[in-house]
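Visitor: A single structure is presented below for examination.
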Amino acid sequence: GMDSLSGPVAVAPTDPRILPLIARHLELMRASSPACSVHAMEAEDLDRVGARFFGIFDGDSAVAMGALKVLTEDHGELKSMHVVAECRGQGLADRMLMCLLEEARAGGLTRVSLETGSQEAFAPARAFYGRSGFTTCGPFADYGPDPNSFFMTKRL
């Protein structure tokens, strides 16, 4: 149950406990979107861009993850948000999102944005971010327009 779970803790994306979760996330994204529209990042990429990465652990296994990539001095991007299917519905996504937004505020960011899919498979993700105060926006950073992409942003 929830009592065995850690709070979100800062961890390297290359931490071996996180890698299976990143692999599952990438597999799911690739199954749900055309290859050219998959913007999920491998562990090494997340590390390279200096993303601040967080995991929620049940003992030694990561059950949720999320990352914050700083784009400019006031704008950040949420990446790699994933909660394992077996642990959904327990509020872990909310806890991870709160952690990432606190991290963004603490770093002086005034806005965070994200890219998710436009397909039906991503409807729960779009609804989750909508409930959390994110609104639809246009492409940001290096993203171009893509019918498979859906962009959202939130002022902090």
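In the structure tokens, each chain is lettered A, B, ... as it comes, each chain's residues begin at 1, and ligands are numbered from 1 in order of appearance.
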Could you name the residues that touch A:Asp15 at 12 Å or less, counting only C-alpha atoms, but leaving out those on the same chain fewer than 2 positions away, as JSON, numbers by chain?
Guide: {"A": [10, 11, 12, 13, 17, 18, 19, 20, 21, 22, 43, 44, 46, 47, 53, 54, 55, 60, 61, 62, 65]}
Visitor: Mind running stretch 15-63 of chain A against stretch 76-93 of chain A at 7 Å and telling me each contacting residue's nearest atom pair with the distance in Å (one decimal), counting only C-alpha atoms, chain and number ascending, as CSV?
Guide:
residue,atom,partner,partner_atom,distance
A:His25,CA,A:His82,CA,6.5
A:Ala40,CA,A:Ser80,CA,6.5
A:Val63,CA,A:Val84,CA,5.4
Visitor: Out of stretch 5-135 of chain A, which residues get strand (DSSP E) from DSSP, as a PyMOL selection string?
Guide: chain A and resi 9-10+52-58+61-70+75-83+111-117+135
Visitor: Of the candidates A:Ala67, A:Leu114, A:Ala121, A:Cys137, which one gets nearest to A:Cys99 if we count only C-alpha atoms?
Guide: A:Ala67
Visitor: Taking only C-alpha atoms into account, name the residue in A:Phe57, A:Phe150, A:Pro8, A:Leu68 that is nearest to A:Ala123.
Guide: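 Among the listed residues, the smallest separation from A:Ala123 belongs to A:Phe150.
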Visitor: Nearest to A:Thr14: which of A:Leu101, A:Asp45, A:Val112, A:Pro139 is it, counting only C-alpha atoms?
Guide: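 Result for the nearest residue to A:Thr14: A:Asp45.
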Visitor: Any idea what's packed within 7 Å of A:Ser118, counting only C-alpha atoms, ignoring anything in its chain fewer than 4 positions away? Could you give it as a list of chain:residue names?
Guide: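 Near A:Ser118, the qualifying residues are A:Phe122, A:Asn148, A:Ser149, A:Phe150.
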Visitor: Put those residues in a file: all heavy atoms, as a CSV table (one decimal), in the first residue's frame.
Guide:
chain,number,residue,atom,x,y,z
A,122,PHE,N,-4.0,9.2,-24.9
A,122,PHE,CA,-3.4,10.2,-24.0
A,122,PHE,C,-4.5,11.1,-23.4
A,122,PHE,O,-4.2,12.0,-22.7
A,122,PHE,CB,-2.5,11.1,-24.8
A,122,PHE,CG,-1.2,10.3,-25.3
A,122,PHE,CD1,-1.2,9.8,-26.6
A,122,PHE,CD2,-0.2,10.1,-24.4
A,122,PHE,CE1,0.0,9.1,-27.0
A,122,PHE,CE2,0.9,9.4,-24.8
A,122,PHE,CZ,1.0,8.9,-26.1
A,148,ASN,N,0.1,14.9,-34.0
A,148,ASN,CA,0.1,13.9,-33.0
A,148,ASN,C,0.5,14.4,-31.6
A,148,ASN,O,0.5,13.7,-30.6
A,148,ASN,CB,1.1,12.7,-33.3
A,148,ASN,CG,0.6,12.0,-34.6
A,148,ASN,OD1,-0.4,11.4,-34.6
A,148,ASN,ND2,1.4,12.1,-35.6
A,149,SER,N,0.9,15.7,-31.6
A,149,SER,CA,1.3,16.3,-30.4
A,149,SER,C,0.2,17.3,-29.8
A,149,SER,O,-0.5,17.9,-30.6
A,149,SER,CB,2.6,17.1,-30.6
A,149,SER,OG,3.7,16.3,-30.6
A,150,PHE,N,0.2,17.4,-28.5
A,150,PHE,CA,-0.8,18.2,-27.8
A,150,PHE,C,0.1,19.0,-26.8
A,150,PHE,O,0.8,18.3,-26.0
A,150,PHE,CB,-1.9,17.4,-27.2
A,150,PHE,CG,-3.0,18.2,-26.6
A,150,PHE,CD1,-4.1,18.5,-27.5
A,150,PHE,CD2,-3.0,18.6,-25.3
A,150,PHE,CE1,-5.2,19.2,-27.0
A,150,PHE,CE2,-4.1,19.3,-24.8
A,150,PHE,CZ,-5.2,19.6,-25.6
Visitor: Between A:Ala31, A:Val70, A:Leu109, A:Leu26, which one has atoms that come closest to A:Arg155, using only C-alpha atoms?
Guide: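 Smallest separation from A:Arg155 among the options: A:Leu109.
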Visitor: Using backbone DSSP assignments, extract all helix (DSSP H, G or I) residues from stretch 70-149 of chain A; output them as a PyMOL selection string.
Guide: chain A and resi 85-87+92-106+120-131
Visitor: Calculated over only C-alpha atoms, which of the candidates A:Gly59, A:Gly66, A:Pro16, A:Gly117 has the smallest distance to A:Arg30?
Guide: A:Gly117
